[in-house]
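J.: Just dropping this structure here.
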2 protein chains.
Amino acid sequence: MSWIADGRTDEEILKAHGLRPTRQRLDLVRVIRKGGRRHLTPESFHRELAESGLKFSLATIYNSLNSFTDAGLLRRIGFGDRTWFCTNPAPHHHFFDEGSGRIEDIPGDQPQVVGLPEPPDGMTVLGVEVIVRVKREGVG
Amino acid sequence: MSWIADGRTDEEILKAHGLRPTRQRLDLVRVIRKGGRRHLTPESFHRELAESGLKFSLATIYNSLNSFTDAGLLRRIGFGDRTWFCTNPAPHHHFFDEGSGRIEDIPGDQPQVVGLPEPPDGMTVLGVEVIVRVKREGVG
DNA sequence: AGTGCTTTTTAGAACGATTCCAGTTGCAGT
DNA sequence: ACTGCAACTGGAATCGTTCTAAAAAGCACT
């Protein structure tokens, strides 16, 4: 059960991840949780907040999404020409739609990578991403 | 044997891929081939050319790398915050260094992905990327 | 509640990568 | 050579993201 849907309060979540529960962050956490599992760009999130009457500086959105990611609440995926923030921090892989530039979770059982190489000398492996590039049929 | 190292002339390569062998493109192909397998950014390639006394508009570099990619001579990899062009068009996967933002080929036997999911409805799979995120030991 | 210190928020400027634009050049087919 | 279309060019424009400096808000300690 991820933090998105567990029983803790927004404030408890923030504190548990070492983040000060400011007024803005409480609003952000509430809206993220309300929307469930999905992928945000700073821009799309900013628009969503504005539509709920919540006025934020775009810089705050960037700051906050980055802090939340560093704190382990979100996952940052940089594939294509913008940065996506995934509200599901559990390990999982993605589809990438070349047409729209959007990403989407691979649902259910995750693909596995076999035959992983040793990293180059002096490097540590942080993680492995599988990206399945897709496009809408009959386009391109 | 990829086009980088086969016996064809630069002009033959371009024509075989439906590209007009202009003076500029011939220079670009020559320099790419001379450098062997590696990863270019438009910026790094532009610099490399300038150091060889070859003056290009940056826009031409972007145009050309994109055309070469569409023609199948290069592979475009958009992971991190800039676009990399891989001079090895054969299927293979990459290391991504979080510290420097650079990518590098996974050498030798390639990792395999098992348990690939069906794409979402109405989508076709174009390819699968495996990206092994690494960082220099003792950093971060 | 008041004080002082630190972190966060903010608007706008700055930045870097990439594409667009409009004019020029140059290749290819008559 | 002439003509038409594709490619090249420098500079402006665009877009996503980060930086900056100042104001606001949280926090610890009285």
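Within each chain, counting starts at residue 1; across the structure tokens, chains are named A, B, ... in the order shown, with ligands numbered 1 upward in that order.
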Could you please tell me, as a PyMOL selection string, which residues of chain B have an atom within 8 Å of chain A when using only C-alpha atoms?
T.: chain B and resi 78-81+95+106+109-117+119+122-137
J.: Please, could you write that set of residues out with C-alpha atoms as a short mmCIF file (atom, residue, chain, number, x, y, z; two decimals), in the first residue's frame?
T.:
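File again04.cif, as written:
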```
data_model
loop_
_atom_site.label_atom_id
_atom_site.label_comp_id
_atom_site.auth_asym_id
_atom_site.auth_seq_id
_atom_site.Cartn_x
_atom_site.Cartn_y
_atom_site.Cartn_z
CA GLY B 78 16.49 11.00 -25.20
CA PHE B 79 17.25 10.18 -21.59
CA GLY B 80 18.20 12.86 -19.13
CA ASP B 81 18.24 16.45 -20.20
CA PHE B 95 24.28 2.85 -19.15
CA ILE B 106 26.38 -1.72 -22.71
CA ASP B 109 26.04 -9.57 -24.81
CA GLN B 110 22.96 -7.46 -24.38
CA PRO B 111 20.55 -7.88 -21.48
CA GLN B 112 17.23 -9.46 -22.45
CA VAL B 113 13.78 -8.42 -21.34
CA VAL B 114 11.39 -11.24 -20.50
CA GLY B 115 7.68 -10.96 -19.76
CA LEU B 116 7.03 -8.04 -22.05
CA PRO B 117 3.47 -6.76 -21.69
CA PRO B 119 0.89 -2.59 -25.44
CA GLY B 122 -4.44 0.64 -30.44
CA MET B 123 -0.70 0.93 -29.84
CA THR B 124 2.19 -0.82 -31.60
CA VAL B 125 5.53 -1.56 -30.00
CA LEU B 126 8.41 0.25 -31.69
CA GLY B 127 11.17 -1.06 -29.49
CA VAL B 128 12.35 -1.70 -25.98
CA GLU B 129 15.04 0.29 -24.20
CA VAL B 130 16.91 -0.93 -21.18
CA ILE B 131 18.65 1.83 -19.30
CA VAL B 132 20.94 0.93 -16.43
CA ARG B 133 21.25 4.00 -14.25
CA VAL B 134 24.66 4.23 -12.65
CA LYS B 135 26.67 6.69 -10.64
CA ARG B 136 30.30 7.04 -9.71
CA GLU B 137 31.02 5.23 -6.44
#
```
J.: Write out as a short mmCIF file (atom, residue, chain, number, x, y, z; two decimals) with C-alpha atoms (C1' of nucleotides), in the first residue's frame which residues come within 12 Å of B:Ser67 when counting only C-alpha atoms (C1' of nucleotides), dropping same-chain ones fewer than 4 positions away.
T.:
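Result file out_35.cif:
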```
data_model
loop_
_atom_site.label_atom_id
_atom_site.label_comp_id
_atom_site.auth_asym_id
_atom_site.auth_seq_id
_atom_site.Cartn_x
_atom_site.Cartn_y
_atom_site.Cartn_z
CA LEU B 14 24.14 8.81 -48.09
CA HIS B 17 19.76 5.97 -47.29
CA GLY B 18 17.93 8.40 -49.54
CA LEU B 19 19.95 11.44 -48.47
CA ARG B 20 21.35 13.94 -50.96
CA ARG B 25 26.67 16.01 -45.29
CA LEU B 28 29.58 15.13 -41.44
CA THR B 60 22.54 22.43 -39.67
CA ILE B 61 23.92 20.04 -37.08
CA TYR B 62 20.47 19.61 -35.60
CA ASN B 63 18.88 19.20 -39.04
CA ALA B 71 17.27 7.66 -42.40
CA GLY B 72 18.49 4.95 -40.04
CA LEU B 73 22.16 5.94 -39.84
CA LEU B 74 22.02 7.00 -36.21
CA ARG B 75 19.93 6.29 -33.15
CA ARG B 76 18.42 9.04 -31.04
CA PHE B 85 22.92 10.42 -31.04
"C1'" DA D 7 19.47 22.01 -47.86
#
```
J.: Show me, as a compact mmCIF listing (two decimals) with C-alpha atoms (C1' of nucleotides), in the first residue's frame, the residues of chain C whose atoms get within 8 Å of chain A, using only C-alpha atoms (C1' of nucleotides) for the distance check.
T.:
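Here's the written file part.txt:
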```
# COMPACT_ATOMS: atom_id res chain seq x y z
C1' DT C 8 10.15 27.84 1.88
C1' DT C 9 7.68 30.54 -1.38
C1' DT C 10 7.44 33.82 -4.92
C1' DA C 11 7.79 36.57 -9.41
```
J.: Contacts from chain D to chain A, 10 Å maximum, only C-alpha atoms (C1' of nucleotides): show me the residue list as a ChimeraX atom specification.
T.: /D:15-18,25-27
J.: So that I can check the surroundings of B:Gly36, please list as a VMD selection string every protein, DNA and RNA residue that reaches within 10 Å of it, counting only C-alpha atoms (C1' of nucleotides) and ignoring chain neighbours fewer than 4 positions away.
T.: chain B and resid 4 to 5 31 to 32 87 to 88
J.: Taking only chain A into account, list the residues labelled strand (DSSP E) by DSSP (computed from the backbone), as a PyMOL selection string.
T.: chain A and resi 39-40+75-77+84-86+94-97+103-105+112-114+123-136
J.: Please dump the current selection as a tab-separated table (two decimals), in the first residue's frame; keep C-alpha atoms.
T.:
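Writing the result to again_33.tsv gives the following:
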```
chain	number	residue	atom	x	y	z
A	39	HIS	CA	2.07	10.90	-14.10
A	40	LEU	CA	2.52	14.60	-13.64
A	75	ARG	CA	9.72	9.01	-8.96
A	76	ARG	CA	11.29	11.21	-11.62
A	77	ILE	CA	11.34	9.84	-15.17
A	84	TRP	CA	7.55	13.22	-15.60
A	85	PHE	CA	6.82	12.61	-11.97
A	86	CYS	CA	5.24	9.30	-11.16
A	94	HIS	CA	6.84	2.33	-18.48
A	95	PHE	CA	5.37	2.66	-21.90
A	96	PHE	CA	6.53	5.73	-23.78
A	97	ASP	CA	4.24	7.05	-26.52
A	103	ILE	CA	4.41	7.90	-20.37
A	104	GLU	CA	2.21	5.29	-18.77
A	105	ASP	CA	2.82	2.54	-16.23
A	112	GLN	CA	12.27	-8.70	-15.96
A	113	VAL	CA	15.72	-7.98	-17.27
A	114	VAL	CA	18.08	-10.94	-17.47
A	123	MET	CA	30.34	2.84	-11.01
A	124	THR	CA	27.43	1.55	-8.93
A	125	VAL	CA	24.07	0.52	-10.33
A	126	LEU	CA	21.22	2.70	-9.06
A	127	GLY	CA	18.44	0.98	-10.93
A	128	VAL	CA	17.24	-0.42	-14.21
A	129	GLU	CA	14.57	1.17	-16.39
A	130	VAL	CA	12.70	-0.67	-19.07
A	131	ILE	CA	10.97	1.62	-21.52
A	132	VAL	CA	8.68	0.14	-24.13
A	133	ARG	CA	8.43	2.66	-26.93
A	134	VAL	CA	5.00	2.57	-28.55
A	135	LYS	CA	3.02	4.56	-31.06
A	136	ARG	CA	-0.62	4.76	-32.05
```
J.: Taking the DSSP assignment computed from this structure's backbone, write out as a list in words all residues of stretch 46-102 of chain B that belong to helix (DSSP H, G or I).
T.: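 Helix (DSSP H, G or I) members of stretch 46-102 of chain B, listed: His46, Arg47, Glu48, Leu49, Ala50, Glu51, Leu58, Ala59, Thr60, Ile61, Tyr62, Asn63, Ser64, Leu65, Asn66, Ser67, Phe68, Thr69 and Asp70 of chain B.
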J.: Any chance you can output those residues with N, CA and C atoms as a PDB file, in the first residue's frame?
T.:
```
ATOM      1  N   HIS B  46      29.261  19.707 -32.856  1.00  0.00           N
ATOM      2  CA  HIS B  46      29.550  21.026 -33.406  1.00  0.00           C
ATOM      3  C   HIS B  46      30.947  21.477 -33.008  1.00  0.00           C
ATOM      4  N   ARG B  47      31.283  21.239 -31.746  1.00  0.00           N
ATOM      5  CA  ARG B  47      32.594  21.616 -31.237  1.00  0.00           C
ATOM      6  C   ARG B  47      33.685  20.804 -31.934  1.00  0.00           C
ATOM      7  N   GLU B  48      33.433  19.501 -32.027  1.00  0.00           N
ATOM      8  CA  GLU B  48      34.396  18.617 -32.682  1.00  0.00           C
ATOM      9  C   GLU B  48      34.673  19.072 -34.113  1.00  0.00           C
ATOM     10  N   LEU B  49      33.632  19.449 -34.814  1.00  0.00           N
ATOM     11  CA  LEU B  49      33.785  19.909 -36.190  1.00  0.00           C
ATOM     12  C   LEU B  49      34.582  21.208 -36.242  1.00  0.00           C
ATOM     13  N   ALA B  50      34.250  22.097 -35.316  1.00  0.00           N
ATOM     14  CA  ALA B  50      34.944  23.387 -35.297  1.00  0.00           C
ATOM     15  C   ALA B  50      36.441  23.178 -35.072  1.00  0.00           C
ATOM     16  N   GLU B  51      36.762  22.220 -34.194  1.00  0.00           N
ATOM     17  CA  GLU B  51      38.179  21.948 -33.908  1.00  0.00           C
ATOM     18  C   GLU B  51      38.908  21.372 -35.123  1.00  0.00           C
ATOM     19  N   LEU B  58      24.823  25.743 -36.158  1.00  0.00           N
ATOM     20  CA  LEU B  58      24.303  24.756 -35.211  1.00  0.00           C
ATOM     21  C   LEU B  58      22.984  24.175 -35.721  1.00  0.00           C
ATOM     22  N   ALA B  59      22.208  25.009 -36.401  1.00  0.00           N
ATOM     23  CA  ALA B  59      20.934  24.523 -36.948  1.00  0.00           C
ATOM     24  C   ALA B  59      21.162  23.402 -37.945  1.00  0.00           C
ATOM     25  N   THR B  60      22.239  23.492 -38.705  1.00  0.00           N
ATOM     26  CA  THR B  60      22.542  22.428 -39.669  1.00  0.00           C
ATOM     27  C   THR B  60      22.883  21.129 -38.956  1.00  0.00           C
ATOM     28  N   ILE B  61      23.593  21.240 -37.849  1.00  0.00           N
ATOM     29  CA  ILE B  61      23.919  20.042 -37.077  1.00  0.00           C
ATOM     30  C   ILE B  61      22.633  19.372 -36.603  1.00  0.00           C
ATOM     31  N   TYR B  62      21.747  20.171 -36.045  1.00  0.00           N
ATOM     32  CA  TYR B  62      20.469  19.607 -35.597  1.00  0.00           C
ATOM     33  C   TYR B  62      19.715  18.983 -36.765  1.00  0.00           C
ATOM     34  N   ASN B  63      19.586  19.734 -37.861  1.00  0.00           N
ATOM     35  CA  ASN B  63      18.881  19.204 -39.036  1.00  0.00           C
ATOM     36  C   ASN B  63      19.498  17.894 -39.489  1.00  0.00           C
ATOM     37  N   SER B  64      20.816  17.880 -39.588  1.00  0.00           N
ATOM     38  CA  SER B  64      21.486  16.728 -40.173  1.00  0.00           C
ATOM     39  C   SER B  64      21.402  15.504 -39.258  1.00  0.00           C
ATOM     40  N   LEU B  65      21.656  15.718 -37.955  1.00  0.00           N
ATOM     41  CA  LEU B  65      21.585  14.575 -37.050  1.00  0.00           C
ATOM     42  C   LEU B  65      20.174  13.996 -37.048  1.00  0.00           C
ATOM     43  N   ASN B  66      19.181  14.877 -37.118  1.00  0.00           N
ATOM     44  CA  ASN B  66      17.805  14.380 -37.178  1.00  0.00           C
ATOM     45  C   ASN B  66      17.528  13.635 -38.484  1.00  0.00           C
ATOM     46  N   SER B  67      18.010  14.175 -39.607  1.00  0.00           N
ATOM     47  CA  SER B  67      17.798  13.471 -40.877  1.00  0.00           C
ATOM     48  C   SER B  67      18.508  12.129 -40.882  1.00  0.00           C
ATOM     49  N   PHE B  68      19.732  12.117 -40.399  1.00  0.00           N
ATOM     50  CA  PHE B  68      20.502  10.873 -40.363  1.00  0.00           C
ATOM     51  C   PHE B  68      19.768   9.831 -39.512  1.00  0.00           C
ATOM     52  N   THR B  69      19.191  10.306 -38.426  1.00  0.00           N
ATOM     53  CA  THR B  69      18.452   9.389 -37.553  1.00  0.00           C
ATOM     54  C   THR B  69      17.224   8.839 -38.272  1.00  0.00           C
ATOM     55  N   ASP B  70      16.464   9.727 -38.907  1.00  0.00           N
ATOM     56  CA  ASP B  70      15.265   9.282 -39.625  1.00  0.00           C
ATOM     57  C   ASP B  70      15.643   8.323 -40.744  1.00  0.00           C
TER      58      ASP B  70
END
```
J.: In Å, with one decimal, what is the gap from atom CA of B:Gly101 to atom CA of B:Gly35?
T.: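 According to the coordinates, atom CA of B:Gly101 and atom CA of B:Gly35 are separated by 20.8 Å.
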